[in-house]
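Containing compact mmCIF, C-alpha atoms: query_28.txt.
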# COMPACT_ATOMS: atom_id res chain seq x y z
CA MET S 25 82.73 127.50 92.05
CA ASN S 26 80.50 124.55 92.99
CA ALA S 27 80.87 120.83 92.25
CA GLY S 28 78.51 121.04 89.30
CA GLU S 29 80.65 123.69 87.63
CA ILE S 30 83.83 121.70 88.23
CA LEU S 31 82.48 118.44 86.82
CA LYS S 32 80.41 119.77 83.91
CA GLU S 33 81.40 118.59 80.45
CA PRO S 34 83.91 120.94 78.79
CA LYS S 35 83.44 122.55 75.42
CA GLU S 36 84.02 120.44 72.34
CA GLY S 37 87.64 120.15 71.28
CA THR S 38 89.20 120.54 74.74
CA ASP S 39 90.89 117.92 76.87
CA LYS S 40 88.08 117.15 79.29
CA TYR S 41 90.31 115.58 81.91
CA GLN S 42 92.82 118.42 81.95
CA THR S 43 89.96 120.91 82.09
CA LYS S 44 88.53 119.21 85.16
CA ILE S 45 91.94 118.89 86.79
CA ASN S 46 92.55 122.60 86.29
CA ALA S 47 89.13 123.46 87.69
CA ILE S 48 89.72 121.31 90.79
CA SER S 49 93.18 122.83 91.26
CA ASP S 50 91.69 126.33 91.09
CA ARG S 51 89.02 125.35 93.63
CA LEU S 52 91.64 123.96 96.03
CA GLU S 53 93.71 127.14 95.78
CA GLU S 54 90.56 129.17 96.49
CA PHE S 55 89.80 126.99 99.53
CA VAL S 56 93.34 127.47 100.93
CA ARG S 57 93.26 131.24 100.39
CA ASN S 58 89.84 131.64 102.02
CA GLU S 59 90.69 129.38 104.97
CA LEU S 60 93.92 131.25 105.72
CA ALA S 61 92.31 134.66 105.21
CA ARG S 62 89.53 133.91 107.71
CA ALA S 63 92.04 132.71 110.29
CA GLN S 64 94.41 135.64 109.76
CA ALA S 65 91.53 138.12 110.08
CA THR S 66 90.93 136.97 113.66
CA GLY S 67 94.47 137.88 114.68
CA ASP S 68 94.54 134.70 116.78
CA PRO S 69 97.73 132.62 116.24
CA LYS S 70 95.98 129.49 117.54
CA LYS S 71 93.20 129.78 114.97
CA LEU S 72 95.77 130.26 112.23
CA GLU S 73 97.65 127.18 113.42
CA LYS S 74 94.38 125.22 113.47
CA SER S 75 93.54 126.31 109.91
CA GLU S 76 96.99 125.36 108.64
CA LYS S 77 96.62 121.93 110.22
CA LYS S 78 93.16 121.56 108.66
CA ILE S 79 94.51 122.44 105.21
CA ASN S 80 97.43 120.00 105.48
CA LEU S 81 95.21 117.16 106.69
CA PHE S 82 92.72 117.75 103.90
CA LEU S 83 95.34 117.85 101.15
CA GLU S 84 97.04 114.74 102.54
CA TRP S 85 93.67 112.98 102.60
CA LEU S 86 93.09 113.82 98.93
CA VAL S 87 96.35 112.06 98.04
CA ILE S 88 95.49 109.04 100.20
CA HIS S 89 91.94 108.81 98.87
CA THR S 90 93.24 108.97 95.30
CA GLY S 91 95.35 105.92 96.15
CA TYR S 92 92.26 104.08 97.43
CA VAL S 93 90.40 104.79 94.21
CA GLU S 94 93.43 103.82 92.14
CA ASN S 95 93.82 100.47 93.92
CA GLN S 96 90.18 99.55 94.50
CA ASP S 97 90.12 96.96 91.70
CA ILE S 98 93.41 95.33 92.71
CA PRO S 99 92.93 92.12 94.76
CA LEU S 100 93.81 92.50 98.43
CA PRO S 101 97.09 90.86 99.53
CA ALA S 102 96.83 87.30 100.83
CA VAL S 103 97.36 88.21 104.50
CA ASP S 104 95.83 86.16 107.32
CA VAL S 105 94.56 89.26 109.09
CA TYR S 106 92.18 89.99 106.21
CA ASP S 107 90.12 87.08 107.57
CA LEU S 108 88.43 89.17 110.25
CA THR S 109 86.18 87.88 112.99
CA ARG S 110 83.60 89.59 115.18
CA GLY S 111 85.26 91.25 118.18
CA GLU S 112 88.67 91.86 116.61
CA ILE S 113 90.20 95.33 116.74
CA VAL S 114 91.55 96.98 113.59
CA LEU S 115 93.17 100.36 113.01
CA LEU S 116 91.28 102.35 110.38
CA ASP S 117 92.06 105.41 108.31
CA LEU S 118 88.75 107.28 108.21
CA GLY S 119 90.28 110.22 106.39
CA PHE S 120 89.28 113.89 106.65
CA ASN S 121 86.23 114.43 108.81
CA VAL S 122 83.42 116.87 108.14
CA GLY S 123 81.98 118.51 111.25
CA LYS S 124 81.81 116.08 114.17
CA GLU S 125 82.34 112.94 112.09
CA PHE S 126 85.06 110.52 113.18
CA GLY S 127 88.19 111.10 111.13
CA GLY S 128 91.86 110.19 110.96
CA GLU S 129 93.34 106.93 112.17
CA ARG S 130 91.48 105.25 115.01
CA PRO S 131 90.76 101.74 116.32
CA ALA S 132 87.47 100.03 115.54
CA ILE S 133 85.66 96.87 116.56
CA VAL S 134 84.80 94.34 113.85
CA LEU S 135 81.06 93.64 114.20
CA ARG S 136 80.66 90.94 111.58
CA ASN S 137 82.92 88.15 110.34
CA SER S 138 84.58 89.09 107.06
CA LYS S 139 86.29 86.42 104.97
CA PRO S 140 89.32 87.22 102.77
CA SER S 141 87.07 87.01 99.70
CA VAL S 142 84.98 89.93 101.03
CA ASP S 143 86.53 93.35 100.45
CA GLN S 144 84.48 95.20 103.08
CA VAL S 145 84.07 94.97 106.83
CA LEU S 146 81.41 96.24 109.24
CA VAL S 147 83.02 98.15 112.10
CA LEU S 148 82.32 100.40 115.07
CA PRO S 149 85.00 103.13 115.45
CA MET S 150 86.19 103.94 118.97
CA SER S 151 87.38 107.13 120.65
CA THR S 152 89.54 107.90 123.67
CA GLN S 153 87.44 111.03 124.32
CA LYS S 154 84.79 110.51 126.96
CA PRO S 155 81.36 111.71 125.75
CA LYS S 156 79.85 114.63 127.63
CA ASN S 157 76.49 112.85 127.80
CA VAL S 158 78.03 109.46 128.52
CA THR S 159 74.75 108.11 129.95
CA ASP S 160 73.07 108.41 126.53
CA PRO S 161 72.26 104.84 125.39
CA ILE S 162 73.97 105.39 122.03
CA TYR S 163 77.35 105.27 123.80
CA ILE S 164 79.18 102.09 124.75
CA GLU S 165 81.95 102.19 127.35
CA ILE S 166 84.77 99.81 126.48
CA PRO S 167 87.15 98.73 129.26
CA PRO S 168 90.92 98.80 128.71
CA ILE S 169 92.12 96.50 125.92
CA PRO S 170 95.61 95.03 126.41
CA GLY S 171 97.96 96.37 123.75
CA LEU S 172 95.76 99.37 122.86
CA THR S 173 96.31 102.87 124.26
CA GLY S 174 93.10 104.31 125.68
CA TYR S 175 92.02 107.43 127.55
CA GLN S 176 94.67 108.89 129.85
CA ASN S 177 93.98 111.53 132.47
CA LYS S 178 97.21 113.54 132.55
CA GLU S 179 96.41 114.84 136.00
CA SER S 180 95.46 111.54 137.63
CA ALA S 181 97.10 108.17 137.14
CA THR S 182 94.36 106.60 139.25
CA ASP S 183 91.41 107.89 137.23
CA PRO S 184 89.05 104.88 136.84
CA ASP S 185 88.49 105.85 133.18
CA ASN S 186 92.17 105.52 132.27
CA GLY S 187 92.66 103.03 129.46
CA LYS S 188 89.02 103.07 128.37
CA HIS S 189 87.49 103.79 124.95
CA TRP S 190 83.98 104.87 124.01
CA ALA S 191 81.94 104.12 120.91
CA ASN S 192 78.82 105.67 119.43
CA VAL S 193 76.64 103.02 117.76
CA LEU S 194 75.38 105.65 115.31
CA SER S 195 78.91 105.67 113.85
CA ILE S 196 78.83 102.05 112.62
CA LYS S 197 80.31 101.87 109.13
CA ASN S 198 80.76 99.32 106.36
CA LEU S 199 84.19 100.15 104.94
CA SER S 200 86.66 98.89 102.38
CA LYS S 201 89.49 96.83 103.85
CA LEU S 202 91.85 99.16 101.99
CA ARG S 203 91.25 101.61 104.85
CA ILE S 204 92.65 99.22 107.44
CA LYS S 205 96.08 99.91 108.93
CA TYR S 206 96.75 96.65 110.72
CA PRO S 207 98.41 96.66 114.15
CA PRO S 208 101.50 94.45 114.61
CA GLU S 209 99.43 91.88 116.48
CA LYS S 210 95.79 90.89 116.58
CA LEU S 211 93.76 92.55 119.33
CA THR S 212 90.38 91.25 120.38
CA ILE S 213 87.49 92.20 122.63
CA ARG S 214 87.88 89.39 125.13
CA THR S 215 84.43 89.56 126.69
CA SER S 216 81.22 88.85 124.80
CA SER S 217 79.29 91.20 127.11
CA ILE S 218 80.68 94.23 125.25
CA LEU S 219 79.51 92.85 121.92
CA ASP S 220 76.13 92.02 123.46
CA ARG S 221 75.81 95.61 124.71
CA ILE S 222 76.65 96.92 121.24
CA SER S 223 73.99 94.68 119.69
CA ALA S 224 71.41 95.81 122.26
CA ALA S 225 72.24 99.47 121.65
CA VAL S 226 71.88 99.00 117.90
CA ILE S 227 68.46 97.38 118.33
CA SER S 228 67.38 100.09 120.77
CA ASN S 229 68.61 103.11 118.82
CA ILE S 230 68.82 102.12 115.15
CA ALA S 231 66.71 99.08 114.30
CA LEU S 232 63.17 99.69 113.07
CA ARG S 233 60.58 98.52 115.54
CA LYS S 234 56.84 98.11 115.31
CA LYS S 235 54.81 100.63 117.22
CA LYS S 236 53.14 99.34 120.36
CA ASN S 237 49.38 98.90 120.33
CA ASN S 238 49.36 99.20 116.56
CA LYS S 239 46.01 97.44 116.18
CA PRO S 240 44.22 97.34 112.85
CA LYS S 241 41.24 99.65 112.57
CA SER S 242 37.86 97.95 112.83
Using C-alpha cells, write down the structure from this file.
Amino acid sequence: MNAGEILKEPKEGTDKYQTKINAISDRLEEFVRNELARAQATGDPKKLEKSEKKINLFLEWLVIHTGYVENQDIPLPAVDVYDLTRGEIVLLDLGFNVGKEFGGERPAIVLRNSKPSVDQVLVLPMSTQKPKNVTDPIYIEIPPIPGLTGYQNKESATDPDNGKHWANVLSIKNLSKLRIKYPPEKLTIRTSSILDRISAAVISNIALRKKKNNKPKS
C-alpha cells in the first residue's frame, strides 16, 4: 500500500479520519512484519537486533513528530535561551533518519541570530564520527568545546582527535525551535575562525557562482 492509497478520500458515508487511521495502522503493521521477516531470514542475531532497534526508533519518532504537529501553533515558552545567537550550540532532535541523513539527538551550531519572535533557527548539525574523506572541503573540523562530549578513541586517551566534532555544510537545516532540547547551560563556539570556515565552505560548495570567462557573445 502506497501513500496515495492511504491518503485517498474514502467512500461517501464513512468516517474519513478513522478510515485513514486504520489504513496507516495496517501499513505500520506491514512494515514491522516485513522488517522482522527480512532480518530473521538472514539467521543473524545482530541483524535482527538492528531491525528491532530501527522499528522502535521509528515508532517512537512517529509519536514525537505527532507532538510537534500538535503543538506547532502554540507560542513557544518565554525562555531566554530561545533568543539564539550565531555560534551558540543547541541540542536538536532530528528524528528518524532515512539512509545517511543525520538523525536522533545531536548538537548543532546556530548559524544565524534567531530572536524569540522567530520560531525557526538555521543550524549546522555536528557529529562525533570522523568522516572517512575528512579532507573533502564540505567537512569542518571543530575543536573540543568545553561542556560538550566529542569524539573519544577508546583505545587511545592521547588521540589528537579526542573531543572533536565534525560537520558537513551540506547538512545545514532551517528547523523549528520545537526540535531543540536545550542543554543545562549555554555553550558557544568561542572562536570566530570556525564560523568563518563554515561560511567559506558554504560559499565554496553551496552558493551559486558565476562561471569564469562568461563573456557575452559578439
Measure the distance from CA of Lys44 (chain S) to CA of Leu86 (chain S) in Å and round it to one decimal.
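These atoms are spaced 15.5 Å apart.
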For the atom pair CA of Lys197 (chain S) and CA of Asn229 (chain S), what is the interatomic distance in Å to one decimal place?
15.2 Å
If you take all atoms listed in the file and a cut-off of 12 Å, which residues of region 65-120 of chain S touch region 161-180 of chain S, and what are their nearest atom pairs and distances in Å to one decimal, in chain and number order, as JSON lines?
{"residue": "S:Gly111", "atom": "CA", "partner": "S:Ile169", "partner_atom": "CA", "distance": 11.6}
{"residue": "S:Glu112", "atom": "CA", "partner": "S:Ile169", "partner_atom": "CA", "distance": 11.0}
{"residue": "S:Ile113", "atom": "CA", "partner": "S:Leu172", "partner_atom": "CA", "distance": 9.2}
{"residue": "S:Val114", "atom": "CA", "partner": "S:Leu172", "partner_atom": "CA", "distance": 10.5}
{"residue": "S:Leu115", "atom": "CA", "partner": "S:Leu172", "partner_atom": "CA", "distance": 10.2}
Go through S:Leu72, S:Ala132, S:Leu219, S:Ile79 one by one, measure the shortest atom-to-atom distance of each to Glu54 (chain S) using only C-alpha atoms, and give the residue with the smallest value.
S:Ile79
Identify which of the residues S:Asn157, S:Ser49, S:Ser228, S:Gln42 lies closest to Val193 (chain S), counting all atoms listed in the file when measuring atom-to-atom distances.
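When distances to Val193 (chain S) are compared using all atoms listed in the file, the smallest one comes from S:Ser228.
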Go through S:Ser195, S:Gly91, S:Arg51, S:Trp85 one by one, measure the shortest atom-to-atom distance of each to Ile222 (chain S) using all atoms listed in the file, and give the residue with the smallest value.
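Checking each of S:Ser195, S:Gly91, S:Arg51, S:Trp85 against Ile222 (chain S), counting all atoms listed in the file, the winner is S:Ser195.
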Between CA of Gln153 (chain S) and CA of Gly187 (chain S) lies a distance of 10.8 Å
In terms of the shortest atom-to-atom distance over all atoms listed in the file, which of S:Val142, S:Trp190, S:Glu129, S:Asp220 is closest to Lys156 (chain S)?
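The closest residue to Lys156 (chain S) is S:Trp190.
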Which residue out of S:Asn95, S:Ser217, S:Asn80, S:Ser75 has the minimum interatomic distance to Arg203 (chain S) when all atoms listed in the file are used?
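Result for the nearest residue to Arg203 (chain S): S:Asn95.
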Among the residues S:Asp68, S:Glu125, S:Glu53, S:Asp97, the one that comes closest to Leu83 (chain S) [using all atoms listed in the file]:
S:Glu53
List the neighbours of Ile98 (chain S) out to 12 Å using only C-alpha atoms; skip same-chain residues closer than 4 positions along the sequence, and give me the result as a ChimeraX atom specification.
/S:91-94,102,143,201-202
Kindly extract all protein, DNA and RNA residues lying within 10 Å of the coordinates (77.9, 96.2, 110.9) given in the file, considering all atoms listed in the file, and supply them as an NGL selection string.
:S and (110 or 133-137 or 145-148 or 193 or 195-199 or 223 or 226)
Using the file's own x, y and z axes, so that the box edges lie along x, y and z, what centre and edge lengths in Å (one decimal) does a box around every listed atom of region 167-177 of chain S get when 8 Å is added on each side? Give it as JSON.
{"center_x": 92.6, "center_y": 103.3, "center_z": 127.7, "size_x": 26.8, "size_y": 32.5, "size_z": 25.6}
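All protein and nucleic acid residues in the vicinity of (98.7, 130.1, 102.5), that is within 12 Å when counting only C-alpha atoms, are S:Leu52, S:Glu53, S:Glu54, S:Phe55, S:Val56, S:Arg57, S:Asn58, S:Glu59, S:Leu60, S:Ala61, S:Arg62, S:Ala63, S:Gln64, S:Leu72, S:Glu73, S:Ser75, S:Glu76, S:Lys77, S:Lys78, S:Ile79, S:Asn80.
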